[in-house]
Amino acid sequence: MKDTASAPGSSLHGEGVRLRPWHLNVPIGPGLSTRDFLEEEAARTPGSFYDPTGGFNWLLGRVYPNGLGGRSVLDCACNNGAYLFLAKEMGAGECVGFDVREHWIEQARFLLRNRSRPSDGIRFEVCDLYDLPALGLERFDIVLFRGILYHLPDPIQGLRLAADLTGELMIVSTAIRSDLPDGALVVGEESRTRPLSGVHGLQWYPTGPGVVAEMLEWAGMDAIRYGPWFRAEGATPGLDNAGIYAAHDDSVFDAFDGFRPDGRRGRMFEVMKTRTAPHTTVLFACGGDRVLLDWFDGNDERRVVPFPAGRAGEQDDMVEALETERRAGARYILFSSSTFAWLEQRPALVHRLQSRFQEIVREDACMLFDLWGK
């Protein structure tokens with residue numbers, strides 16, 4: 001039940017309404033959150049407002065299962081500060097958030113003043129990412145780089161600025177253009193005034209998480225892990241979201257790696273979830289592993305089909321079988337380790353894969369190729 005100070009018509013509620021639009025849900029006090037300030041249309045529009053709690057807590061819980069233990073956190077393009085408030089509740093120490101839009105920082109400071117939960121040690125600044133050195137900040141244990149990469153006119157320099165302030169972990173979450181092969185940045189124009197746009201008018205969309213990982217490695221982050229690649233509710237087809245996590249040293253991911261699915265089957269499923277675009281067809285050379293095929297069926301955004309289909313073509317031209325599937329719309333082909341010996345006996349197929357298509361993953365558990373070319 002809302003108390004009288006937060007009820008509709010109160011000064012607190014009136015201030016929250018004045019600060020519309022809201023993008024992220026943040027609890028304020030008993031029975032009150034930023035969701036209560038929404039207009040009805042905004043509440044019904046997919047993608048305009050969401051609760052950040054689940055995915056963020058899941059990720060930090062995997063990397064830091066014992067809590068954040070006083071670690072400092074920097075949030076680049078922090079919007080209303082939702083992720084810093086969550087980090088504080090997970091045990092963070094010093095927290096700094098900045099955003100180029102004064103409106104979001106006004107929201108964040110409103111929440112800082114009025115939240116009933118502990119929020120000490122958090123501060124917010126109005127700042128453009130490219131002006132970040134002017135704040136004179138020291139390194140932070142954790143740097144959040146969520147929802148900003150694809151709004152930048154120079155995303156590589158932007159990543160570098162954030163990476164230089166990262167002590168342990170950098171979390172990148174970005175929109176992805178999945179209608180092109182992973183490995184490029186696609187230029188575009190965007191509004192300078194729309195609340196959820198950038199302010200520079202020029203933007204670059206990465207075409208997959210792989211190109212973001214290469215940018216992070218160039219910026220000095222030597223250890224990379226991948227998060228889910230998914231399409232948000234109401235998103236434009238071909239415009240997805242992906243998470244890429246980076247550190248200076250693999251040891252930061254010891255606990256994260258310990259949470260990985262057991263065995264090679266689990267690893268193949270993780271590769272499918274993190275390195276292939278949602279709503280695509282993935283050919284799966286599984287050597288008759290029906291258990292894994294059945295597990296994928298109905299459990300993911302991808303359509304997974306066996307390769308080769310049935311027994312047809314076992315001794316025939318595998319190149320033509322692959323091309324037939326590709327012309328029919330297949331985007332990827334995944335080979336389980338149980339098929340590696342089978343593949344070695346088909347040199348023409350190996351040559352076609354290596355010469356025409358982009359190899360995304362090669363490891364003990366599996367190999368993955370993008371059939372849209374290099």
# chains A, B, ... in the order shown; residues from 1 in each chain; ligands from 1
call {"tool": "closest_atom_pairs", "arguments": {"of": "stretch 47-85 of chain A", "to": "stretch 101-114 of chain A", "cutoff": "7 Å", "atoms": "only C-alpha atoms", "output": "Markdown table"}}
result
| residue | atom | partner | partner_atom | distance |
| --- | --- | --- | --- | --- |
| A:Asn79 | CA | A:Trp104 | CA | 4.9 |
| A:Asn80 | CA | A:Ala108 | CA | 4.3 |
| A:Gly81 | CA | A:Ala108 | CA | 5.2 |
call {"tool": "write_last_selection", "arguments": {"atoms": "N, CA, C and O atoms", "output": "compact mmCIF listing (two decimals), in the first residue's frame"}}
result
# COMPACT_ATOMS: atom_id res chain seq x y z
N ASN A 79 21.44 6.70 -17.52
CA ASN A 79 20.01 6.95 -17.50
C ASN A 79 19.61 7.38 -16.09
O ASN A 79 20.22 8.28 -15.54
N ASN A 80 18.61 6.73 -15.48
CA ASN A 80 18.17 7.18 -14.16
C ASN A 80 18.91 6.52 -13.00
O ASN A 80 18.50 6.64 -11.85
N GLY A 81 20.01 5.84 -13.30
CA GLY A 81 20.84 5.27 -12.24
C GLY A 81 20.42 3.90 -11.77
O GLY A 81 20.95 3.39 -10.77
call {"tool": "residues_around", "arguments": {"residues": "stretch 124-138 of chain A", "least_positions_apart": "5", "cutoff": "6 Å", "atoms": "only C-alpha atoms", "output": "ChimeraX atom specification"}}
result
/A:96-100,102
call {"tool": "write_last_selection", "arguments": {"atoms": "all heavy atoms", "output": "mmCIF file, in the first residue's frame"}}
result
data_model
loop_
_atom_site.group_PDB
_atom_site.id
_atom_site.type_symbol
_atom_site.label_atom_id
_atom_site.label_comp_id
_atom_site.auth_asym_id
_atom_site.auth_seq_id
_atom_site.Cartn_x
_atom_site.Cartn_y
_atom_site.Cartn_z
ATOM 1 N N VAL A 96 29.566 5.809 -9.327
ATOM 2 C CA VAL A 96 29.447 7.055 -10.074
ATOM 3 C C VAL A 96 28.727 6.762 -11.379
ATOM 4 O O VAL A 96 29.063 5.805 -12.086
ATOM 5 C CB VAL A 96 30.825 7.684 -10.366
ATOM 6 C CG1 VAL A 96 30.675 8.918 -11.250
ATOM 7 C CG2 VAL A 96 31.538 8.041 -9.067
ATOM 8 N N GLY A 97 27.731 7.572 -11.688
ATOM 9 C CA GLY A 97 27.034 7.455 -12.954
ATOM 10 C C GLY A 97 27.040 8.776 -13.676
ATOM 11 O O GLY A 97 26.971 9.841 -13.046
ATOM 12 N N PHE A 98 27.151 8.724 -14.995
ATOM 13 C CA PHE A 98 27.067 9.961 -15.779
ATOM 14 C C PHE A 98 26.241 9.714 -17.025
ATOM 15 O O PHE A 98 26.136 8.588 -17.522
ATOM 16 C CB PHE A 98 28.463 10.486 -16.153
ATOM 17 C CG PHE A 98 29.196 9.645 -17.159
ATOM 18 C CD1 PHE A 98 29.053 9.874 -18.528
ATOM 19 C CD2 PHE A 98 30.046 8.633 -16.750
ATOM 20 C CE1 PHE A 98 29.729 9.106 -19.461
ATOM 21 C CE2 PHE A 98 30.730 7.852 -17.671
ATOM 22 C CZ PHE A 98 30.566 8.089 -19.040
ATOM 23 N N ASP A 99 25.642 10.786 -17.516
ATOM 24 C CA ASP A 99 24.853 10.726 -18.746
ATOM 25 C C ASP A 99 24.920 12.090 -19.406
ATOM 26 O O ASP A 99 24.985 13.116 -18.721
ATOM 27 C CB ASP A 99 23.400 10.344 -18.450
ATOM 28 C CG ASP A 99 22.702 9.770 -19.678
ATOM 29 O OD1 ASP A 99 22.487 10.524 -20.647
ATOM 30 O OD2 ASP A 99 22.376 8.571 -19.675
ATOM 31 N N VAL A 100 24.884 12.092 -20.719
ATOM 32 C CA VAL A 100 24.972 13.350 -21.450
ATOM 33 C C VAL A 100 23.675 14.153 -21.352
ATOM 34 O O VAL A 100 23.689 15.377 -21.497
ATOM 35 C CB VAL A 100 25.340 13.082 -22.927
ATOM 36 C CG1 VAL A 100 24.197 12.413 -23.664
ATOM 37 C CG2 VAL A 100 25.770 14.362 -23.631
ATOM 38 N N GLU A 102 20.816 15.837 -19.344
ATOM 39 C CA GLU A 102 20.552 16.342 -17.989
ATOM 40 C C GLU A 102 19.252 15.775 -17.425
ATOM 41 O O GLU A 102 19.130 15.582 -16.211
ATOM 42 C CB GLU A 102 20.511 17.871 -18.016
ATOM 43 C CG GLU A 102 20.386 18.498 -16.644
ATOM 44 C CD GLU A 102 20.507 20.007 -16.683
ATOM 45 O OE1 GLU A 102 20.756 20.556 -17.781
ATOM 46 O OE2 GLU A 102 20.348 20.634 -15.616
#
call {"tool": "select_by_dssp", "arguments": {"residues": "stretch 116-346 of chain A", "states": "helix (DSSP H, G or I)", "output": "number ranges by chain"}}
result
A: 129-135, 149-151, 155-163, 209-218, 250-258, 263-275, 290-296, 318-327, 337-344
call {"tool": "select_by_dssp", "arguments": {"residues": "stretch 240-339 of chain A", "states": "strand (DSSP E or B)", "output": "PyMOL selection string"}}
result
chain A and resi 240-247+281-285+303-306+330-336
call {"tool": "residues_around", "arguments": {"residues": "stretch 184-199 of chain A", "least_positions_apart": "3", "cutoff": "8 Å", "atoms": "only C-alpha atoms", "output": "short mmCIF file (atom, residue, chain, number, x, y, z; two decimals) with all heavy atoms, in the first residue's frame"}}
result
data_model
loop_
_atom_site.label_atom_id
_atom_site.label_comp_id
_atom_site.auth_asym_id
_atom_site.auth_seq_id
_atom_site.Cartn_x
_atom_site.Cartn_y
_atom_site.Cartn_z
N VAL A 100 24.88 12.09 -20.72
CA VAL A 100 24.97 13.35 -21.45
C VAL A 100 23.67 14.15 -21.35
O VAL A 100 23.69 15.38 -21.50
CB VAL A 100 25.34 13.08 -22.93
CG1 VAL A 100 24.20 12.41 -23.66
CG2 VAL A 100 25.77 14.36 -23.63
N ILE A 148 24.94 2.29 -24.92
CA ILE A 148 25.59 3.52 -25.37
C ILE A 148 26.42 3.30 -26.63
O ILE A 148 26.53 4.19 -27.47
CB ILE A 148 26.48 4.12 -24.24
CG1 ILE A 148 27.18 5.39 -24.75
CG2 ILE A 148 27.46 3.11 -23.68
CD1 ILE A 148 27.98 6.12 -23.69
N HIS A 151 25.17 4.42 -30.01
CA HIS A 151 24.81 5.84 -30.13
C HIS A 151 26.03 6.72 -30.39
O HIS A 151 25.89 7.94 -30.47
CB HIS A 151 24.13 6.33 -28.84
CG HIS A 151 22.79 5.73 -28.59
ND1 HIS A 151 21.76 5.77 -29.51
CD2 HIS A 151 22.28 5.07 -27.51
CE1 HIS A 151 20.69 5.17 -29.02
NE2 HIS A 151 20.98 4.74 -27.81
N LEU A 152 27.21 6.14 -30.52
CA LEU A 152 28.43 6.93 -30.55
C LEU A 152 28.93 7.18 -31.97
O LEU A 152 28.92 6.27 -32.80
CB LEU A 152 29.53 6.21 -29.76
CG LEU A 152 29.25 5.98 -28.27
CD1 LEU A 152 30.37 5.16 -27.66
CD2 LEU A 152 29.09 7.31 -27.54
N ARG A 177 23.06 -5.19 -35.17
CA ARG A 177 22.47 -5.40 -36.48
C ARG A 177 22.77 -6.83 -36.92
O ARG A 177 23.86 -7.14 -37.38
CB ARG A 177 23.06 -4.41 -37.49
CG ARG A 177 22.44 -3.03 -37.49
CD ARG A 177 21.13 -2.97 -38.27
NE ARG A 177 21.28 -3.40 -39.65
CZ ARG A 177 21.60 -2.60 -40.67
NH1 ARG A 177 21.80 -1.32 -40.45
NH2 ARG A 177 21.70 -3.07 -41.89
N PRO A 181 26.70 -10.21 -41.67
CA PRO A 181 27.67 -11.05 -40.97
C PRO A 181 28.39 -10.30 -39.86
O PRO A 181 28.68 -9.10 -40.00
CB PRO A 181 28.65 -11.47 -42.09
CG PRO A 181 27.88 -11.32 -43.36
CD PRO A 181 26.96 -10.15 -43.13
N LEU A 202 25.16 10.85 -35.34
CA LEU A 202 25.82 9.77 -36.07
C LEU A 202 25.94 8.57 -35.15
O LEU A 202 26.29 8.71 -33.97
CB LEU A 202 27.21 10.22 -36.52
CG LEU A 202 28.01 9.22 -37.36
CD1 LEU A 202 27.40 9.09 -38.76
CD2 LEU A 202 29.47 9.69 -37.48
N GLN A 203 25.65 7.39 -35.68
CA GLN A 203 25.74 6.18 -34.87
C GLN A 203 26.35 5.04 -35.69
O GLN A 203 26.34 5.07 -36.92
CB GLN A 203 24.36 5.76 -34.36
CG GLN A 203 23.38 5.38 -35.45
CD GLN A 203 22.03 4.95 -34.92
OE1 GLN A 203 21.05 5.00 -35.63
NE2 GLN A 203 21.96 4.52 -33.69
N TRP A 204 26.88 4.06 -34.97
CA TRP A 204 27.47 2.87 -35.60
C TRP A 204 26.92 1.63 -34.89
O TRP A 204 27.11 1.46 -33.70
CB TRP A 204 28.99 2.89 -35.48
CG TRP A 204 29.65 3.96 -36.27
CD1 TRP A 204 29.91 5.25 -35.87
CD2 TRP A 204 30.13 3.85 -37.61
NE1 TRP A 204 30.52 5.93 -36.87
CE2 TRP A 204 30.68 5.10 -37.96
CE3 TRP A 204 30.15 2.81 -38.54
CZ2 TRP A 204 31.25 5.35 -39.20
CZ3 TRP A 204 30.73 3.07 -39.78
CH2 TRP A 204 31.26 4.31 -40.11
N TYR A 205 26.25 0.78 -35.66
CA TYR A 205 25.76 -0.50 -35.11
C TYR A 205 26.79 -1.59 -35.37
O TYR A 205 27.19 -1.81 -36.53
CB TYR A 205 24.46 -0.91 -35.78
CG TYR A 205 23.22 -0.25 -35.25
CD1 TYR A 205 22.55 0.72 -36.00
CD2 TYR A 205 22.70 -0.60 -34.02
CE1 TYR A 205 21.39 1.32 -35.53
CE2 TYR A 205 21.54 0.00 -33.53
CZ TYR A 205 20.90 0.95 -34.29
OH TYR A 205 19.76 1.55 -33.82
N PRO A 206 27.21 -2.33 -34.36
CA PRO A 206 27.99 -3.54 -34.62
C PRO A 206 27.08 -4.61 -35.24
O PRO A 206 25.88 -4.64 -34.98
CB PRO A 206 28.48 -3.97 -33.23
CG PRO A 206 27.51 -3.36 -32.28
CD PRO A 206 27.00 -2.10 -32.92
N THR A 207 27.66 -5.47 -36.06
CA THR A 207 26.87 -6.52 -36.72
C THR A 207 26.98 -7.85 -36.00
O THR A 207 26.59 -8.88 -36.56
CB THR A 207 27.29 -6.68 -38.19
OG1 THR A 207 28.68 -7.04 -38.25
CG2 THR A 207 27.06 -5.39 -38.96
N GLY A 208 27.48 -7.86 -34.80
CA GLY A 208 27.54 -9.07 -34.00
C GLY A 208 28.43 -8.85 -32.79
O GLY A 208 29.19 -7.86 -32.73
N VAL A 211 32.61 -8.54 -33.35
CA VAL A 211 33.31 -7.30 -33.66
C VAL A 211 33.48 -6.45 -32.41
O VAL A 211 34.50 -5.77 -32.24
CB VAL A 211 32.57 -6.52 -34.77
CG1 VAL A 211 31.21 -6.02 -34.31
CG2 VAL A 211 33.41 -5.34 -35.24
#
call {"tool": "residues_around", "arguments": {"residues": "A:Ala277", "least_positions_apart": "4", "cutoff": "9 Å", "atoms": "only C-alpha atoms", "output": "list of chain:residue names"}}
result
A:Ser178, A:Asp179, A:Gly208, A:Trp229, A:Phe230, A:Arg231, A:Gly238, A:Asp240, A:Met272, A:Lys273, A:Glu301, A:Arg302, A:Arg331
call {"tool": "atom_distance", "arguments": {"atom1": "atom CA of A:Pro118", "atom2": "atom CA of A:Tyr83"}}
result
14.0 Å
call {"tool": "closest_residue", "arguments": {"among": "A:His248, A:Phe259, A:Ala242, A:Thr34", "to": "A:Thr276", "atoms": "only C-alpha atoms"}}
result
A:Ala242
call {"tool": "closest_residue", "arguments": {"among": "A:Asp257, A:Asp75, A:Asp370, A:Asp249", "to": "A:Ile171", "atoms": "only C-alpha atoms"}}
result
A:Asp75
call {"tool": "atom_distance", "arguments": {"atom1": "atom CA of A:Met170", "atom2": "atom CA of A:His23"}}
result
22.5 Å
